[in-house]
file work04.txt (compact mmCIF, C-alpha atoms)
# COMPACT_ATOMS: atom_id res chain seq x y z
CA MET A 21 52.83 21.83 -64.70
CA ILE A 22 51.43 22.78 -61.28
CA ASN A 23 48.51 25.22 -61.31
CA LYS A 24 49.75 28.29 -59.48
CA ARG A 25 46.21 28.91 -58.17
CA ASP A 26 45.78 25.38 -56.83
CA LYS A 27 44.49 26.65 -53.46
CA LYS A 28 41.86 28.96 -54.95
CA GLY A 29 38.37 28.55 -53.50
CA LYS A 30 35.55 26.84 -55.36
CA CYS A 31 32.90 28.51 -57.49
CA LEU A 32 29.68 27.60 -55.68
CA ALA A 33 26.12 27.06 -56.82
CA LEU A 34 24.63 28.58 -53.66
CA THR A 35 22.65 31.62 -52.59
CA PRO A 36 24.20 32.56 -49.23
CA ARG A 37 22.75 35.29 -47.01
CA ASP A 38 26.12 36.25 -45.44
CA TYR A 39 28.88 37.27 -47.88
CA CYS A 40 31.13 40.02 -49.25
CA VAL A 41 30.57 41.48 -52.71
CA VAL A 42 33.81 42.44 -54.43
CA SER A 43 34.61 44.61 -57.43
CA LEU A 44 37.92 45.63 -58.99
CA LYS A 45 39.12 48.12 -61.55
CA THR A 46 42.32 47.01 -63.27
CA THR A 47 44.77 48.17 -65.93
CA GLY A 48 44.69 44.93 -67.94
CA LEU A 49 42.79 41.79 -68.80
CA THR A 50 44.94 39.36 -66.79
CA PRO A 51 47.07 39.63 -63.63
CA SER A 52 50.18 39.05 -65.74
CA ASP A 53 49.56 42.17 -67.85
CA GLY A 54 47.61 44.42 -65.48
CA GLU A 55 47.35 45.78 -61.96
CA ILE A 56 44.52 46.51 -59.54
CA ILE A 57 43.81 50.26 -59.37
CA ARG A 58 40.64 50.18 -57.26
CA LEU A 59 39.39 47.54 -54.85
CA SER A 60 35.92 47.65 -53.30
CA ALA A 61 34.16 45.18 -51.04
CA VAL A 62 30.81 45.38 -49.25
CA ARG A 63 29.90 43.01 -46.42
CA TYR A 64 26.33 41.69 -46.06
CA ARG A 65 24.86 39.85 -43.10
CA ASP A 66 21.45 38.27 -43.61
CA LEU A 67 21.36 40.19 -46.93
CA VAL A 68 21.81 43.58 -45.19
CA LYS A 69 24.82 45.82 -45.84
CA THR A 70 26.89 46.05 -42.65
CA ASP A 71 30.30 47.38 -43.72
CA SER A 72 32.38 48.41 -46.70
CA PHE A 73 35.98 48.66 -47.80
CA THR A 74 37.19 50.64 -50.79
CA THR A 75 40.43 52.20 -51.89
CA LEU A 76 42.31 53.32 -54.92
CA VAL A 77 45.63 51.55 -55.51
CA LYS A 78 48.78 53.10 -56.92
CA PRO A 79 50.06 50.82 -59.72
CA LYS A 80 53.73 50.33 -60.54
CA MET A 81 53.15 51.41 -64.14
CA ALA A 82 51.34 54.52 -65.38
CA ILE A 83 47.65 54.11 -66.22
CA SER A 84 47.08 54.16 -69.99
CA GLU A 85 44.62 56.51 -71.68
CA MET A 86 42.48 53.51 -72.68
CA THR A 87 42.26 52.38 -69.04
CA VAL A 88 41.36 55.93 -68.00
CA ARG A 89 38.52 55.92 -70.57
CA LEU A 90 37.27 52.50 -69.39
CA THR A 91 37.55 53.01 -65.63
CA GLY A 92 37.47 56.78 -65.11
CA ILE A 93 40.54 56.40 -62.87
CA THR A 94 43.48 58.68 -63.70
CA ASN A 95 47.14 58.73 -62.71
CA GLU A 96 46.43 61.87 -60.68
CA MET A 97 43.74 60.05 -58.69
CA VAL A 98 46.12 57.26 -57.64
CA ALA A 99 49.23 59.41 -57.12
CA ASP A 100 48.87 59.39 -53.32
CA ALA A 101 47.12 56.02 -53.02
CA PRO A 102 48.78 53.10 -51.23
CA ASP A 103 50.43 50.39 -53.30
CA ILE A 104 48.92 46.91 -53.53
CA SER A 105 50.73 45.30 -50.57
CA PRO A 106 48.93 47.06 -47.69
CA VAL A 107 45.68 47.20 -49.67
CA ILE A 108 45.52 43.46 -50.33
CA SER A 109 46.40 42.77 -46.67
CA ASP A 110 43.59 45.06 -45.48
CA PHE A 111 41.21 43.46 -47.98
CA TYR A 112 42.09 39.98 -46.71
CA SER A 113 41.44 41.11 -43.12
CA PHE A 114 38.12 42.58 -44.24
CA VAL A 115 36.73 39.52 -46.09
CA GLN A 116 38.14 36.98 -43.62
CA ASP A 117 36.57 33.62 -44.51
CA ASP A 118 33.39 35.01 -46.10
CA ILE A 119 32.00 33.69 -49.34
CA ILE A 120 32.87 36.24 -52.00
CA ILE A 121 30.26 37.33 -54.52
CA GLY A 122 30.93 39.29 -57.69
CA TYR A 123 30.16 39.71 -61.36
CA ASN A 124 32.44 37.78 -63.76
CA LEU A 125 34.22 36.90 -60.55
CA SER A 126 36.89 34.56 -61.93
CA PHE A 127 38.53 37.68 -63.37
CA ASP A 128 38.61 39.44 -59.98
CA ILE A 129 39.49 36.33 -57.96
CA ASN A 130 42.57 35.69 -60.11
CA TYR A 131 43.84 39.25 -59.56
CA LEU A 132 43.17 39.05 -55.81
CA TYR A 133 44.69 35.57 -55.47
CA ASP A 134 47.87 36.55 -57.32
CA ALA A 135 48.29 39.85 -55.43
CA LEU A 136 47.80 38.26 -52.01
CA LEU A 137 50.16 35.41 -52.83
CA GLU A 138 52.82 37.68 -54.35
CA CYS A 139 52.73 40.30 -51.59
CA HIS A 140 52.20 38.11 -48.51
CA GLY A 141 52.59 34.45 -49.49
CA ILE A 142 48.93 33.77 -48.63
CA ALA A 143 46.54 31.90 -50.93
CA LEU A 144 43.05 33.38 -51.21
CA SER A 145 40.99 30.24 -50.62
CA ASN A 146 37.55 31.80 -50.10
CA ASP A 147 34.76 30.06 -52.00
CA TYR A 148 32.80 32.34 -54.28
CA VAL A 149 29.56 32.83 -56.21
CA ASP A 150 29.68 34.36 -59.69
CA VAL A 151 26.56 36.43 -60.38
CA MET A 152 27.27 36.32 -64.13
CA THR A 153 27.02 32.51 -63.97
CA MET A 154 23.71 32.93 -62.11
CA SER A 155 22.46 35.28 -64.84
CA ARG A 156 23.27 32.66 -67.48
CA LYS A 157 21.18 30.11 -65.57
CA ALA A 158 18.29 32.48 -64.83
CA LEU A 159 18.21 34.22 -68.22
CA PRO A 160 19.46 31.63 -70.73
CA ARG A 161 18.11 33.46 -73.80
CA PHE A 162 19.59 36.84 -72.90
CA ASP A 163 22.91 37.15 -74.72
CA ARG A 164 24.19 40.50 -73.40
CA ARG A 165 26.03 39.69 -70.20
CA SER A 166 27.57 42.92 -68.94
CA GLN A 167 26.53 43.77 -65.39
CA SER A 168 24.83 47.00 -66.49
CA ARG A 169 22.84 45.26 -69.24
CA ILE A 170 21.66 42.52 -66.89
CA ALA A 171 20.68 45.21 -64.35
CA ASP A 172 18.69 47.08 -67.03
CA HIS A 173 17.05 43.85 -68.23
CA ILE A 174 15.75 42.94 -64.77
CA TYR A 175 14.70 46.52 -63.97
CA ILE A 176 17.41 47.55 -61.54
CA SER A 177 18.15 51.25 -61.74
CA THR A 178 21.87 51.86 -61.38
CA ASN A 179 21.41 55.61 -60.86
CA SER A 180 20.56 55.28 -57.17
CA PHE A 181 23.91 53.74 -56.22
CA GLN A 182 26.90 55.89 -55.30
CA GLN A 183 30.55 55.42 -56.24
CA PRO A 184 32.94 53.96 -55.26
CA GLU A 185 30.93 50.95 -54.06
CA LYS A 186 28.39 51.27 -56.88
CA ASP A 187 29.60 48.19 -58.77
CA CYS A 188 29.32 46.10 -55.59
CA GLU A 189 25.85 47.39 -54.79
CA VAL A 190 24.58 46.86 -58.36
CA CYS A 191 26.00 43.33 -58.28
CA ASN A 192 24.26 42.71 -54.95
CA ALA A 193 20.95 44.01 -56.32
CA ILE A 194 21.22 41.61 -59.27
CA TYR A 195 22.16 38.76 -56.92
CA ARG A 196 19.18 39.50 -54.65
CA LYS A 197 16.81 39.57 -57.61
CA LEU A 198 18.17 36.35 -59.15
CA MET A 199 18.47 34.33 -55.94
CA ASN A 200 14.72 33.67 -55.87
CA ASN A 201 14.41 32.91 -59.58
CA SER A 202 12.96 29.40 -60.09
CA ARG A 203 15.80 28.42 -62.44
CA ILE A 204 18.35 29.46 -59.80
CA THR A 205 16.51 27.52 -57.09
CA LYS A 206 16.58 24.43 -59.29
CA TRP A 207 20.27 24.95 -60.20
CA VAL A 208 21.23 25.27 -56.52
CA GLU A 209 19.24 22.16 -55.60
CA GLU A 210 20.74 20.10 -58.45
CA ASN A 211 24.29 21.14 -57.60
CA ASN A 212 23.97 20.49 -53.88
CA ARG A 213 22.12 17.16 -53.73
CA ASP A 214 25.21 15.34 -52.50
CA GLU A 215 25.54 17.81 -49.60
CA LYS A 216 22.25 16.67 -48.02
call {"tool": "encode", "arguments": {"input": "work04.txt", "output": "structure tokens"}}
result
Amino acid sequence: MINKRDKKGKCLALTPRDYCVVSLKTTGLTPSDGEIIRLSAVRYRDLVKTDSFTTLVKPKMAISEMTVRLTGITNEMVADAPDISPVISDFYSFVQDDIIIGYNLSFDINYLYDALLECHGIALSNDYVDVMTMSRKALPRFDRRSQSRIADHIYISTNSFQQPEKDCEVCNAIYRKLMNNSRITKWVEENNRDEK
């Protein structure tokens, strides 16, 4: 069987200074049983925020009450939103060939890859860095891995960030704090020896 995501980018052990942080809200746990209902991306150059992209997305199916409770996004909020086709095209134009950073990013990358391929026949091949993977390396004894718990654990206040890009900005704050952790430095060096 051929992997339908065979052109997906690689998960990197790097700490780039130029990147886009991405966050999704979805109606399900996998692209086969859910849809993207909000897509946010924030571009950073030399670790400084330079631009952002965010939009609600109108799904084909109604948003369930459970999804409303989890995401705070209602059917009324997405009633006049664009569907996924123009949104994923605009997102692709926004991220271009940047490294993508996110929290539990394999989840988001699979949704983005499938939507871009289904709507436009384009494979999302951007390499990416998963901040949750970094947190496992930097904080091996900490067993609670949600983004908000990691933020609390390393003293990042999430109250100062504004929606809708809040998840991206919290993820970036965690990334910035972890990128100089000695365990992360060692992990990056070990995983990139062959590159030198």
call {"tool": "closest_residue", "arguments": {"input": "work04.txt", "among": "A:Val41, A:Ile83, A:Ile108, A:Leu159", "to": "Lys69 of chain A", "atoms": "all atoms listed in the file"}}
result
A:Val41
call {"tool": "residues_around", "arguments": {"input": "work04.txt", "residues": "Ile142 of chain A", "least_positions_apart": "2", "cutoff": "12 Å", "atoms": "all atoms listed in the file", "output": "VMD selection string"}}
result
chain A and resid 25 27 to 28 105 108 to 109 112 to 113 132 to 140 144 to 146
call {"tool": "closest_residue", "arguments": {"input": "work04.txt", "among": "A:Pro102, A:Gly141, A:Gly54, A:Pro36", "to": "Asn192 of chain A", "atoms": "only C-alpha atoms"}}
result
A:Pro36
call {"tool": "residues_around", "arguments": {"input": "work04.txt", "residues": "segment 123-131 of chain A", "least_positions_apart": "2", "cutoff": "9 Å", "atoms": "all atoms listed in the file", "output": "JSON, numbers by chain"}}
result
{"A": [25, 28, 31, 41, 42, 43, 44, 45, 46, 49, 50, 51, 52, 54, 55, 56, 120, 121, 133, 134, 135, 136, 144, 148, 149, 150, 151, 152, 153, 166, 167, 187, 188, 191]}
call {"tool": "atom_distance", "arguments": {"input": "work04.txt", "atom1": "atom CA of Thr94 of chain A", "atom2": "atom CA of Lys78 of chain A"}}
result
10.3 Å
call {"tool": "residues_around", "arguments": {"input": "work04.txt", "residues": "Thr75 of chain A", "least_positions_apart": "4", "cutoff": "9 Å", "atoms": "all atoms listed in the file", "output": "JSON, numbers by chain"}}
result
{"A": [57, 58, 59, 60, 101, 102, 107, 184]}
call {"tool": "atom_distance", "arguments": {"input": "work04.txt", "atom1": "atom CA of Thr70 of chain A", "atom2": "atom CA of Ser155 of chain A"}}
result
25.1 Å
call {"tool": "residues_around", "arguments": {"input": "work04.txt", "residues": "Val190 of chain A", "least_positions_apart": "6", "cutoff": "8 Å", "atoms": "all atoms listed in the file", "output": "PyMOL selection string"}}
result
chain A and resi 167+171+176+178+181
call {"tool": "residues_around", "arguments": {"input": "work04.txt", "residues": "Arg213 of chain A", "least_positions_apart": "4", "cutoff": "12 Å", "atoms": "only C-alpha atoms", "output": "ChimeraX atom specification"}}
result
/A:33-34,206-209
call {"tool": "closest_residue", "arguments": {"input": "work04.txt", "among": "A:Ala99, A:Ala82, A:Ile104, A:Cys40", "to": "Val68 of chain A", "atoms": "all atoms listed in the file"}}
result
A:Cys40
call {"tool": "residues_near_point", "arguments": {"input": "work04.txt", "point": "(37.0, 32.8, -45.7)", "cutoff": "8 Å", "atoms": "all atoms listed in the file", "output": "PyMOL selection string"}}
result
chain A and resi 115-119+145-147
call {"tool": "write_last_selection", "arguments": {"input": "work04.txt", "atoms": "C-alpha atoms", "output": "mmCIF file, in the frame of the given file"}}
result
data_model
loop_
_atom_site.group_PDB
_atom_site.id
_atom_site.type_symbol
_atom_site.label_atom_id
_atom_site.label_comp_id
_atom_site.auth_asym_id
_atom_site.auth_seq_id
_atom_site.Cartn_x
_atom_site.Cartn_y
_atom_site.Cartn_z
ATOM 1 C CA VAL A 115 36.730 39.520 -46.090
ATOM 2 C CA GLN A 116 38.140 36.980 -43.620
ATOM 3 C CA ASP A 117 36.570 33.620 -44.510
ATOM 4 C CA ASP A 118 33.390 35.010 -46.100
ATOM 5 C CA ILE A 119 32.000 33.690 -49.340
ATOM 6 C CA SER A 145 40.990 30.240 -50.620
ATOM 7 C CA ASN A 146 37.550 31.800 -50.100
ATOM 8 C CA ASP A 147 34.760 30.060 -52.000
#
call {"tool": "decode", "arguments": {"input": "work04.txt", "residues": "segment 137-158 of chain A", "atoms": "N, CA and C atoms", "output": "compact mmCIF listing (two decimals), in the first residue's frame"}}
result
# COMPACT_ATOMS: atom_id res chain seq x y z
N LEU A 137 -4.07 18.68 -0.75
CA LEU A 137 -4.04 17.68 -1.81
C LEU A 137 -5.43 17.47 -2.40
N GLU A 138 -6.43 17.36 -1.54
CA GLU A 138 -7.80 17.12 -2.01
C GLU A 138 -8.35 18.31 -2.79
N CYS A 139 -8.11 19.51 -2.31
CA CYS A 139 -8.68 20.70 -2.96
C CYS A 139 -7.90 21.17 -4.19
N HIS A 140 -6.57 21.00 -4.18
CA HIS A 140 -5.76 21.60 -5.23
C HIS A 140 -4.72 20.67 -5.85
N GLY A 141 -4.67 19.43 -5.40
CA GLY A 141 -3.72 18.47 -5.96
C GLY A 141 -2.27 18.79 -5.64
N ILE A 142 -2.05 19.55 -4.55
CA ILE A 142 -0.70 19.95 -4.15
C ILE A 142 -0.34 19.25 -2.85
N ALA A 143 0.86 18.69 -2.78
CA ALA A 143 1.33 18.07 -1.55
C ALA A 143 2.04 19.10 -0.68
N LEU A 144 1.66 19.19 0.58
CA LEU A 144 2.33 20.09 1.52
C LEU A 144 3.63 19.41 1.95
N SER A 145 4.75 19.90 1.42
CA SER A 145 6.03 19.23 1.65
C SER A 145 6.94 20.02 2.59
N ASN A 146 6.40 21.04 3.25
CA ASN A 146 7.21 21.83 4.18
C ASN A 146 7.72 20.96 5.32
N ASP A 147 9.00 21.10 5.65
CA ASP A 147 9.52 20.44 6.85
C ASP A 147 8.95 21.17 8.06
N TYR A 148 8.99 20.49 9.21
CA TYR A 148 8.34 21.05 10.38
C TYR A 148 9.06 20.67 11.67
N VAL A 149 8.79 21.45 12.71
CA VAL A 149 9.33 21.22 14.05
C VAL A 149 8.14 21.11 15.00
N ASP A 150 8.08 20.01 15.74
CA ASP A 150 6.99 19.78 16.68
C ASP A 150 7.45 20.19 18.08
N VAL A 151 6.83 21.23 18.62
CA VAL A 151 7.20 21.75 19.93
C VAL A 151 6.87 20.75 21.04
N MET A 152 5.86 19.90 20.83
CA MET A 152 5.57 18.87 21.83
C MET A 152 6.74 17.88 21.92
N THR A 153 7.32 17.52 20.78
CA THR A 153 8.50 16.65 20.77
C THR A 153 9.65 17.34 21.52
N MET A 154 9.83 18.63 21.28
CA MET A 154 10.87 19.38 22.01
C MET A 154 10.61 19.34 23.51
N SER A 155 9.35 19.48 23.91
CA SER A 155 9.03 19.47 25.35
C SER A 155 9.36 18.12 25.98
N ARG A 156 9.16 17.05 25.21
CA ARG A 156 9.52 15.71 25.72
C ARG A 156 11.02 15.60 25.95
N LYS A 157 11.80 16.19 25.06
CA LYS A 157 13.26 16.15 25.19
C LYS A 157 13.73 17.06 26.32
N ALA A 158 13.15 18.24 26.43
CA ALA A 158 13.60 19.21 27.43
C ALA A 158 13.09 18.89 28.84
